[in-house]
>>> print(open('input.pdb').read())   # PDB, C-alpha atoms, pLDDT in the B column
ATOM      1  CA  MET Q   1     132.197 104.511 120.401  1.00 54.00           C
ATOM      2  CA  ALA Q   2     129.586 102.600 118.409  1.00 60.00           C
ATOM      3  CA  ARG Q   3     129.133 103.447 114.741  1.00 67.00           C
ATOM      4  CA  PHE Q   4     125.408 104.090 115.233  1.00 65.00           C
ATOM      5  CA  GLY Q   5     123.551 104.560 118.441  1.00 73.00           C
ATOM      6  CA  ILE Q   6     120.500 106.059 120.031  1.00 81.00           C
ATOM      7  CA  GLY Q   7     120.460 109.813 119.516  1.00 82.00           C
ATOM      8  CA  GLN Q   8     123.190 109.828 116.863  1.00 82.00           C
ATOM      9  CA  SER Q   9     122.576 111.149 113.391  1.00 81.00           C
ATOM     10  CA  VAL Q  10     122.510 108.648 110.556  1.00 80.00           C
ATOM     11  CA  ARG Q  11     124.300 109.838 107.432  1.00 80.00           C
ATOM     12  CA  ARG Q  12     121.919 109.963 104.500  1.00 82.00           C
ATOM     13  CA  THR Q  13     123.241 108.398 101.323  1.00 82.00           C
ATOM     14  CA  GLU Q  14     120.422 109.222  98.900  1.00 80.00           C
ATOM     15  CA  ASP Q  15     120.453 113.029  99.106  1.00 85.00           C
ATOM     16  CA  ALA Q  16     123.076 113.778  96.446  1.00 87.00           C
ATOM     17  CA  ARG Q  17     121.360 111.903  93.615  1.00 88.00           C
ATOM     18  CA  LEU Q  18     117.965 113.368  94.506  1.00 86.00           C
ATOM     19  CA  LEU Q  19     119.244 116.941  94.798  1.00 88.00           C
ATOM     20  CA  LEU Q  20     121.092 116.621  91.492  1.00 89.00           C
ATOM     21  CA  GLY Q  21     118.004 115.322  89.680  1.00 88.00           C
ATOM     22  CA  ARG Q  22     119.391 111.808  89.271  1.00 88.00           C
ATOM     23  CA  GLY Q  23     116.703 110.014  91.256  1.00 86.00           C
ATOM     24  CA  ARG Q  24     114.960 107.138  89.505  1.00 88.00           C
ATOM     25  CA  PHE Q  25     111.328 106.474  90.286  1.00 90.00           C
ATOM     26  CA  VAL Q  26     108.767 103.897  89.145  1.00 89.00           C
ATOM     27  CA  ASP Q  27     107.199 106.513  86.859  1.00 88.00           C
ATOM     28  CA  ASP Q  28     110.553 106.867  85.065  1.00 90.00           C
ATOM     29  CA  ILE Q  29     110.587 103.229  83.918  1.00 91.00           C
ATOM     30  CA  ALA Q  30     109.653 102.592  80.286  1.00 92.00           C
ATOM     31  CA  LEU Q  31     109.499  99.043  78.950  1.00 94.00           C
ATOM     32  CA  PRO Q  32     108.772  97.802  75.420  1.00 95.00           C
ATOM     33  CA  ARG Q  33     105.023  97.319  74.774  1.00 92.00           C
ATOM     34  CA  MET Q  34     104.222  98.821  78.187  1.00 92.00           C
ATOM     35  CA  ALA Q  35     100.595  99.778  78.812  1.00 92.00           C
ATOM     36  CA  HIS Q  36      99.115 102.182  81.363  1.00 89.00           C
ATOM     37  CA  ALA Q  37      95.945 101.911  83.411  1.00 90.00           C
ATOM     38  CA  ALA Q  38      93.449 104.532  84.518  1.00 91.00           C
ATOM     39  CA  VAL Q  39      90.760 104.024  87.152  1.00 93.00           C
ATOM     40  CA  LEU Q  40      87.542 106.028  87.261  1.00 93.00           C
ATOM     41  CA  ARG Q  41      86.788 106.964  90.868  1.00 95.00           C
ATOM     42  CA  SER Q  42      83.499 108.082  92.343  1.00 96.00           C
ATOM     43  CA  PRO Q  43      83.058 111.795  93.085  1.00 96.00           C
ATOM     44  CA  HIS Q  44      80.141 110.887  95.379  1.00 95.00           C
ATOM     45  CA  ALA Q  45      80.206 109.759  99.008  1.00 93.00           C
ATOM     46  CA  HIS Q  46      77.212 107.430  98.698  1.00 93.00           C
ATOM     47  CA  ALA Q  47      75.307 106.851  95.481  1.00 96.00           C
ATOM     48  CA  ASP Q  48      73.596 104.216  93.373  1.00 96.00           C
ATOM     49  CA  ILE Q  49      75.293 103.456  90.064  1.00 95.00           C
ATOM     50  CA  LEU Q  50      72.523 103.677  87.490  1.00 94.00           C
ATOM     51  CA  SER Q  51      74.722 103.276  84.421  1.00 91.00           C
ATOM     52  CA  ILE Q  52      78.253 103.826  83.173  1.00 90.00           C
ATOM     53  CA  ASP Q  53      78.638 105.031  79.585  1.00 92.00           C
ATOM     54  CA  THR Q  54      81.846 103.490  78.260  1.00 93.00           C
ATOM     55  CA  ALA Q  55      81.375 104.361  74.558  1.00 94.00           C
ATOM     56  CA  ASP Q  56      83.816 107.304  74.450  1.00 94.00           C
ATOM     57  CA  ALA Q  57      86.458 105.420  76.422  1.00 92.00           C
ATOM     58  CA  ARG Q  58      86.185 102.357  74.176  1.00 92.00           C
ATOM     59  CA  ALA Q  59      86.539 104.570  71.085  1.00 94.00           C
ATOM     60  CA  ALA Q  60      89.597 106.441  72.402  1.00 94.00           C
ATOM     61  CA  PRO Q  61      92.840 105.698  70.552  1.00 94.00           C
ATOM     62  CA  GLY Q  62      95.176 103.279  72.306  1.00 92.00           C
ATOM     63  CA  VAL Q  63      92.573 101.725  74.620  1.00 94.00           C
ATOM     64  CA  LEU Q  64      93.383  98.024  74.948  1.00 94.00           C
ATOM     65  CA  ILE Q  65      90.925  96.921  77.641  1.00 92.00           C
ATOM     66  CA  LEU Q  66      87.974  98.530  79.354  1.00 93.00           C
ATOM     67  CA  ALA Q  67      86.919  96.773  82.541  1.00 92.00           C
ATOM     68  CA  THR Q  68      83.729  97.329  84.498  1.00 93.00           C
ATOM     69  CA  ALA Q  69      82.484  95.596  87.640  1.00 93.00           C
ATOM     70  CA  GLU Q  70      80.348  93.359  85.432  1.00 91.00           C
ATOM     71  CA  THR Q  71      83.165  92.318  83.075  1.00 91.00           C
ATOM     72  CA  ILE Q  72      85.611  91.480  85.858  1.00 91.00           C
ATOM     73  CA  ALA Q  73      82.899  89.580  87.775  1.00 90.00           C
ATOM     74  CA  ALA Q  74      82.314  87.492  84.640  1.00 91.00           C
ATOM     75  CA  ASP Q  75      86.029  86.603  84.773  1.00 89.00           C
ATOM     76  CA  GLY Q  76      85.782  85.658  88.465  1.00 86.00           C
ATOM     77  CA  LEU Q  77      87.867  88.638  89.596  1.00 85.00           C
ATOM     78  CA  ASP Q  78      85.264  90.672  91.461  1.00 82.00           C
ATOM     79  CA  PHE Q  79      86.804  90.575  94.973  1.00 85.00           C
ATOM     80  CA  ILE Q  80      90.262  91.266  96.394  1.00 82.00           C
ATOM     81  CA  PRO Q  81      91.331  88.208  98.411  1.00 76.00           C
ATOM     82  CA  ALA Q  82      92.894  88.525 101.843  1.00 70.00           C
ATOM     83  CA  THR Q  83      96.573  87.679 101.398  1.00 71.00           C
ATOM     84  CA  TYR Q  84      97.364  87.120 105.069  1.00 73.00           C
ATOM     85  CA  LYS Q  85      95.363  85.092 107.507  1.00 75.00           C
ATOM     86  CA  PRO Q  86      96.831  85.017 111.041  1.00 75.00           C
ATOM     87  CA  PRO Q  87      97.729  81.445 111.998  1.00 80.00           C
ATOM     88  CA  GLY Q  88      95.748  80.059 114.898  1.00 79.00           C
ATOM     89  CA  LEU Q  89      93.253  82.939 114.919  1.00 76.00           C
ATOM     90  CA  ALA Q  90      89.665  83.005 113.768  1.00 75.00           C
ATOM     91  CA  PHE Q  91      89.564  85.168 110.674  1.00 70.00           C
ATOM     92  CA  ASN Q  92      86.434  86.503 109.048  1.00 70.00           C
ATOM     93  CA  GLU Q  93      87.311  87.646 105.572  1.00 72.00           C
ATOM     94  CA  ALA Q  94      85.202  90.630 104.523  1.00 74.00           C
ATOM     95  CA  PRO Q  95      84.941  90.639 100.731  1.00 77.00           C
ATOM     96  CA  MET Q  96      86.375  93.832  99.224  1.00 83.00           C
ATOM     97  CA  PRO Q  97      85.159  94.502  95.679  1.00 88.00           C
ATOM     98  CA  ILE Q  98      87.763  95.536  93.102  1.00 92.00           C
ATOM     99  CA  LEU Q  99      85.252  97.898  91.458  1.00 94.00           C
ATOM    100  CA  ALA Q 100      81.981  99.179  92.921  1.00 93.00           C
ATOM    101  CA  ARG Q 101      78.951  97.327  91.638  1.00 91.00           C
ATOM    102  CA  GLY Q 102      75.511  98.897  91.992  1.00 93.00           C
ATOM    103  CA  ARG Q 103      76.489 101.376  94.708  1.00 94.00           C
ATOM    104  CA  VAL Q 104      79.490 103.462  95.739  1.00 95.00           C
ATOM    105  CA  ARG Q 105      80.110 103.899  99.443  1.00 93.00           C
ATOM    106  CA  HIS Q 106      82.777 106.593  99.578  1.00 95.00           C
ATOM    107  CA  VAL Q 107      84.387 109.346  97.542  1.00 97.00           C
ATOM    108  CA  GLY Q 108      87.205 107.876  95.495  1.00 96.00           C
ATOM    109  CA  GLU Q 109      85.839 104.331  95.377  1.00 95.00           C
ATOM    110  CA  PRO Q 110      86.911 102.711  92.076  1.00 95.00           C
ATOM    111  CA  VAL Q 111      84.029 102.246  89.630  1.00 94.00           C
TER     112      VAL Q 111
END
>>> encode(input="input.pdb", output="structure tokens")
Amino acid sequence: MARFGIGQSVRRTEDARLLLGRGRFVDDIALPRMAHAAVLRSPHAHADILSIDTADARAAPGVLILATAETIAADGLDFIPATYKPPGLAFNEAPMPILARGRVRHVGEPV
């Protein structure tokens, strides 16, 4: 009989370490000089961005960089590029902004 086949159970190999608390996850990794990022997300489904007050965030201890749509646009990083374009097919790339600029279009959109 075949080792694995349709309808047969597949023995799980990861259960023991997870059940014993020995799982290792990305959040468990700590590297020297490692920094963390936080993204402010819109609580509104559709709204104009009138202003973003960054003073408190800039003054917070440990803040290395504070990026807004304007600062990343100045660095030429305002849109996420399409990483895959199907060969032989017409492909219209819709620009996807990294951070909302001027208007948010859905709850949770990064600002």
>>> resolve_selection(input="input.pdb", expression="the PyMOL selection byres ((chain Q and resi 93) around 12)", output="number ranges by chain")
Q: 79-86, 90-92, 94-96
>>> write_last_selection(input="input.pdb", atoms="C-alpha atoms", output="PDB file, in the coordinates of the input")
ATOM      1  CA  PHE Q  79      86.804  90.575  94.973  1.00 85.00           C
ATOM      2  CA  ILE Q  80      90.262  91.266  96.394  1.00 82.00           C
ATOM      3  CA  PRO Q  81      91.331  88.208  98.411  1.00 76.00           C
ATOM      4  CA  ALA Q  82      92.894  88.525 101.843  1.00 70.00           C
ATOM      5  CA  THR Q  83      96.573  87.679 101.398  1.00 71.00           C
ATOM      6  CA  TYR Q  84      97.364  87.120 105.069  1.00 73.00           C
ATOM      7  CA  LYS Q  85      95.363  85.092 107.507  1.00 75.00           C
ATOM      8  CA  PRO Q  86      96.831  85.017 111.041  1.00 75.00           C
ATOM      9  CA  ALA Q  90      89.665  83.005 113.768  1.00 75.00           C
ATOM     10  CA  PHE Q  91      89.564  85.168 110.674  1.00 70.00           C
ATOM     11  CA  ASN Q  92      86.434  86.503 109.048  1.00 70.00           C
ATOM     12  CA  ALA Q  94      85.202  90.630 104.523  1.00 74.00           C
ATOM     13  CA  PRO Q  95      84.941  90.639 100.731  1.00 77.00           C
ATOM     14  CA  MET Q  96      86.375  93.832  99.224  1.00 83.00           C
TER      15      MET Q  96
END
>>> resolve_selection(input="input.pdb", expression="the PyMOL selection byres ((chain Q and resi 38) around 12)", output="list in words")
Ala35, His36, Ala37, Val39, Leu40, Arg41, Ala57, Val63, Leu64, Ile65, Leu66, Ala67, Pro110 and Val111 of chain Q
>>> resolve_selection(input="input.pdb", expression="the PyMOL selection byres ((chain Q and resi 98-101) around 9)", output="PyMOL selection string")
chain Q and resi 48-49+68-70+72+77-80+96-97+102-105+109-111
>>> atom_distance(input="input.pdb", atom1="CA of Val26 in chain Q", atom2="CA of Thr13 in chain Q")
19.4 Å
>>> atom_distance(input="input.pdb", atom1="CA of Pro43 in chain Q", atom2="CA of Ala55 in chain Q")
20.0 Å
>>> atom_distance(input="input.pdb", atom1="CA of Ala45 in chain Q", atom2="CA of Ala74 in chain Q")
26.6 Å
>>> decode(input="input.pdb", residues="range 19-61 of chain Q", atoms="N, CA and C atoms", output="PDB file, in the first residue's frame")
ATOM      1  N   LEU Q  19       2.352  22.208  21.044  1.00  0.00           N
ATOM      2  CA  LEU Q  19       1.619  21.891  22.271  1.00  0.00           C
ATOM      3  C   LEU Q  19       2.487  22.031  23.515  1.00  0.00           C
ATOM      4  N   LEU Q  20       3.789  21.873  23.355  1.00  0.00           N
ATOM      5  CA  LEU Q  20       4.704  21.998  24.488  1.00  0.00           C
ATOM      6  C   LEU Q  20       5.261  23.413  24.632  1.00  0.00           C
ATOM      7  N   GLY Q  21       4.759  24.345  23.821  1.00  0.00           N
ATOM      8  CA  GLY Q  21       5.199  25.734  23.934  1.00  0.00           C
ATOM      9  C   GLY Q  21       6.571  25.985  23.343  1.00  0.00           C
ATOM     10  N   ARG Q  22       7.017  25.132  22.445  1.00  0.00           N
ATOM     11  CA  ARG Q  22       8.344  25.283  21.851  1.00  0.00           C
ATOM     12  C   ARG Q  22       8.295  25.825  20.423  1.00  0.00           C
ATOM     13  N   GLY Q  23       7.140  26.304  20.011  1.00  0.00           N
ATOM     14  CA  GLY Q  23       7.025  26.868  18.668  1.00  0.00           C
ATOM     15  C   GLY Q  23       7.828  28.155  18.570  1.00  0.00           C
ATOM     16  N   ARG Q  24       8.379  28.420  17.398  1.00  0.00           N
ATOM     17  CA  ARG Q  24       9.120  29.663  17.192  1.00  0.00           C
ATOM     18  C   ARG Q  24       8.431  30.418  16.063  1.00  0.00           C
ATOM     19  N   PHE Q  25       8.121  31.670  16.332  1.00  0.00           N
ATOM     20  CA  PHE Q  25       7.373  32.481  15.392  1.00  0.00           C
ATOM     21  C   PHE Q  25       8.176  33.734  15.053  1.00  0.00           C
ATOM     22  N   VAL Q  26       7.804  34.424  13.994  1.00  0.00           N
ATOM     23  CA  VAL Q  26       8.521  35.627  13.580  1.00  0.00           C
ATOM     24  C   VAL Q  26       8.591  36.633  14.724  1.00  0.00           C
ATOM     25  N   ASP Q  27       7.527  36.748  15.505  1.00  0.00           N
ATOM     26  CA  ASP Q  27       7.510  37.705  16.610  1.00  0.00           C
ATOM     27  C   ASP Q  27       8.506  37.341  17.713  1.00  0.00           C
ATOM     28  N   ASP Q  28       8.980  36.110  17.731  1.00  0.00           N
ATOM     29  CA  ASP Q  28       9.944  35.673  18.740  1.00  0.00           C
ATOM     30  C   ASP Q  28      11.378  36.059  18.382  1.00  0.00           C
ATOM     31  N   ILE Q  29      11.626  36.465  17.164  1.00  0.00           N
ATOM     32  CA  ILE Q  29      12.988  36.763  16.716  1.00  0.00           C
ATOM     33  C   ILE Q  29      13.415  38.131  17.227  1.00  0.00           C
ATOM     34  N   ALA Q  30      14.595  38.194  17.816  1.00  0.00           N
ATOM     35  CA  ALA Q  30      15.176  39.460  18.269  1.00  0.00           C
ATOM     36  C   ALA Q  30      16.595  39.546  17.728  1.00  0.00           C
ATOM     37  N   LEU Q  31      16.875  40.587  16.971  1.00  0.00           N
ATOM     38  CA  LEU Q  31      18.190  40.791  16.387  1.00  0.00           C
ATOM     39  C   LEU Q  31      18.822  42.042  16.973  1.00  0.00           C
ATOM     40  N   PRO Q  32      20.146  42.135  16.976  1.00  0.00           N
ATOM     41  CA  PRO Q  32      20.799  43.351  17.469  1.00  0.00           C
ATOM     42  C   PRO Q  32      20.360  44.561  16.644  1.00  0.00           C
ATOM     43  N   ARG Q  33      20.132  45.679  17.295  1.00  0.00           N
ATOM     44  CA  ARG Q  33      19.751  46.950  16.661  1.00  0.00           C
ATOM     45  C   ARG Q  33      18.453  46.848  15.856  1.00  0.00           C
ATOM     46  N   MET Q  34      17.593  45.908  16.216  1.00  0.00           N
ATOM     47  CA  MET Q  34      16.333  45.716  15.503  1.00  0.00           C
ATOM     48  C   MET Q  34      15.363  46.854  15.836  1.00  0.00           C
ATOM     49  N   ALA Q  35      14.651  47.319  14.836  1.00  0.00           N
ATOM     50  CA  ALA Q  35      13.645  48.363  15.023  1.00  0.00           C
ATOM     51  C   ALA Q  35      12.271  47.781  14.691  1.00  0.00           C
ATOM     52  N   HIS Q  36      11.233  48.421  15.181  1.00  0.00           N
ATOM     53  CA  HIS Q  36       9.859  47.999  14.924  1.00  0.00           C
ATOM     54  C   HIS Q  36       9.140  49.113  14.181  1.00  0.00           C
ATOM     55  N   ALA Q  37       8.090  48.752  13.479  1.00  0.00           N
ATOM     56  CA  ALA Q  37       7.302  49.735  12.742  1.00  0.00           C
ATOM     57  C   ALA Q  37       5.855  49.684  13.206  1.00  0.00           C
ATOM     58  N   ALA Q  38       5.209  50.829  13.173  1.00  0.00           N
ATOM     59  CA  ALA Q  38       3.783  50.923  13.471  1.00  0.00           C
ATOM     60  C   ALA Q  38       3.141  51.720  12.341  1.00  0.00           C
ATOM     61  N   VAL Q  39       1.950  51.321  11.942  1.00  0.00           N
ATOM     62  CA  VAL Q  39       1.245  51.994  10.855  1.00  0.00           C
ATOM     63  C   VAL Q  39      -0.081  52.512  11.387  1.00  0.00           C
ATOM     64  N   LEU Q  40      -0.317  53.800  11.210  1.00  0.00           N
ATOM     65  CA  LEU Q  40      -1.607  54.389  11.574  1.00  0.00           C
ATOM     66  C   LEU Q  40      -2.594  54.045  10.469  1.00  0.00           C
ATOM     67  N   ARG Q  41      -3.743  53.499  10.860  1.00  0.00           N
ATOM     68  CA  ARG Q  41      -4.759  53.103   9.881  1.00  0.00           C
ATOM     69  C   ARG Q  41      -6.036  53.912  10.102  1.00  0.00           C
ATOM     70  N   SER Q  42      -6.708  54.192   9.020  1.00  0.00           N
ATOM     71  CA  SER Q  42      -7.911  55.015   9.072  1.00  0.00           C
ATOM     72  C   SER Q  42      -9.062  54.306   9.782  1.00  0.00           C
ATOM     73  N   PRO Q  43      -9.739  55.014  10.707  1.00  0.00           N
ATOM     74  CA  PRO Q  43     -10.946  54.462  11.312  1.00  0.00           C
ATOM     75  C   PRO Q  43     -12.193  54.783  10.479  1.00  0.00           C
ATOM     76  N   HIS Q  44     -12.003  55.493   9.369  1.00  0.00           N
ATOM     77  CA  HIS Q  44     -13.127  55.957   8.554  1.00  0.00           C
ATOM     78  C   HIS Q  44     -13.175  55.219   7.215  1.00  0.00           C
ATOM     79  N   ALA Q  45     -14.396  54.989   6.733  1.00  0.00           N
ATOM     80  CA  ALA Q  45     -14.589  54.272   5.477  1.00  0.00           C
ATOM     81  C   ALA Q  45     -14.294  55.147   4.263  1.00  0.00           C
ATOM     82  N   HIS Q  46     -14.560  56.421   4.349  1.00  0.00           N
ATOM     83  CA  HIS Q  46     -14.308  57.338   3.239  1.00  0.00           C
ATOM     84  C   HIS Q  46     -14.210  58.730   3.839  1.00  0.00           C
ATOM     85  N   ALA Q  47     -13.049  59.342   3.734  1.00  0.00           N
ATOM     86  CA  ALA Q  47     -12.865  60.651   4.363  1.00  0.00           C
ATOM     87  C   ALA Q  47     -11.708  61.392   3.714  1.00  0.00           C
ATOM     88  N   ASP Q  48     -11.800  62.717   3.734  1.00  0.00           N
ATOM     89  CA  ASP Q  48     -10.691  63.558   3.295  1.00  0.00           C
ATOM     90  C   ASP Q  48      -9.709  63.699   4.450  1.00  0.00           C
ATOM     91  N   ILE Q  49      -8.428  63.640   4.136  1.00  0.00           N
ATOM     92  CA  ILE Q  49      -7.393  63.863   5.149  1.00  0.00           C
ATOM     93  C   ILE Q  49      -7.094  65.351   5.140  1.00  0.00           C
ATOM     94  N   LEU Q  50      -7.489  66.034   6.202  1.00  0.00           N
ATOM     95  CA  LEU Q  50      -7.258  67.474   6.283  1.00  0.00           C
ATOM     96  C   LEU Q  50      -5.868  67.772   6.821  1.00  0.00           C
ATOM     97  N   SER Q  51      -5.448  67.015   7.826  1.00  0.00           N
ATOM     98  CA  SER Q  51      -4.101  67.176   8.372  1.00  0.00           C
ATOM     99  C   SER Q  51      -3.781  65.970   9.241  1.00  0.00           C
ATOM    100  N   ILE Q  52      -2.501  65.735   9.442  1.00  0.00           N
ATOM    101  CA  ILE Q  52      -2.042  64.692  10.352  1.00  0.00           C
ATOM    102  C   ILE Q  52      -1.027  65.338  11.278  1.00  0.00           C
ATOM    103  N   ASP Q  53      -1.340  65.362  12.574  1.00  0.00           N
ATOM    104  CA  ASP Q  53      -0.444  65.960  13.563  1.00  0.00           C
ATOM    105  C   ASP Q  53       0.562  64.903  14.008  1.00  0.00           C
ATOM    106  N   THR Q  54       1.807  65.085  13.626  1.00  0.00           N
ATOM    107  CA  THR Q  54       2.849  64.106  13.943  1.00  0.00           C
ATOM    108  C   THR Q  54       3.735  64.534  15.104  1.00  0.00           C
ATOM    109  N   ALA Q  55       3.445  65.662  15.744  1.00  0.00           N
ATOM    110  CA  ALA Q  55       4.330  66.214  16.780  1.00  0.00           C
ATOM    111  C   ALA Q  55       4.559  65.240  17.932  1.00  0.00           C
ATOM    112  N   ASP Q  56       3.489  64.657  18.480  1.00  0.00           N
ATOM    113  CA  ASP Q  56       3.654  63.734  19.613  1.00  0.00           C
ATOM    114  C   ASP Q  56       4.438  62.491  19.211  1.00  0.00           C
ATOM    115  N   ALA Q  57       4.174  61.978  18.027  1.00  0.00           N
ATOM    116  CA  ALA Q  57       4.889  60.782  17.570  1.00  0.00           C
ATOM    117  C   ALA Q  57       6.371  61.078  17.372  1.00  0.00           C
ATOM    118  N   ARG Q  58       6.683  62.224  16.789  1.00  0.00           N
ATOM    119  CA  ARG Q  58       8.093  62.593  16.588  1.00  0.00           C
ATOM    120  C   ARG Q  58       8.820  62.764  17.916  1.00  0.00           C
ATOM    121  N   ALA Q  59       8.112  63.238  18.938  1.00  0.00           N
ATOM    122  CA  ALA Q  59       8.728  63.488  20.245  1.00  0.00           C
ATOM    123  C   ALA Q  59       8.814  62.234  21.112  1.00  0.00           C
ATOM    124  N   ALA Q  60       8.163  61.159  20.720  1.00  0.00           N
ATOM    125  CA  ALA Q  60       8.155  59.936  21.529  1.00  0.00           C
ATOM    126  C   ALA Q  60       9.555  59.323  21.569  1.00  0.00           C
ATOM    127  N   PRO Q  61       9.943  58.791  22.735  1.00  0.00           N
ATOM    128  CA  PRO Q  61      11.275  58.194  22.842  1.00  0.00           C
ATOM    129  C   PRO Q  61      11.412  56.970  21.930  1.00  0.00           C
TER     130      PRO Q  61
END
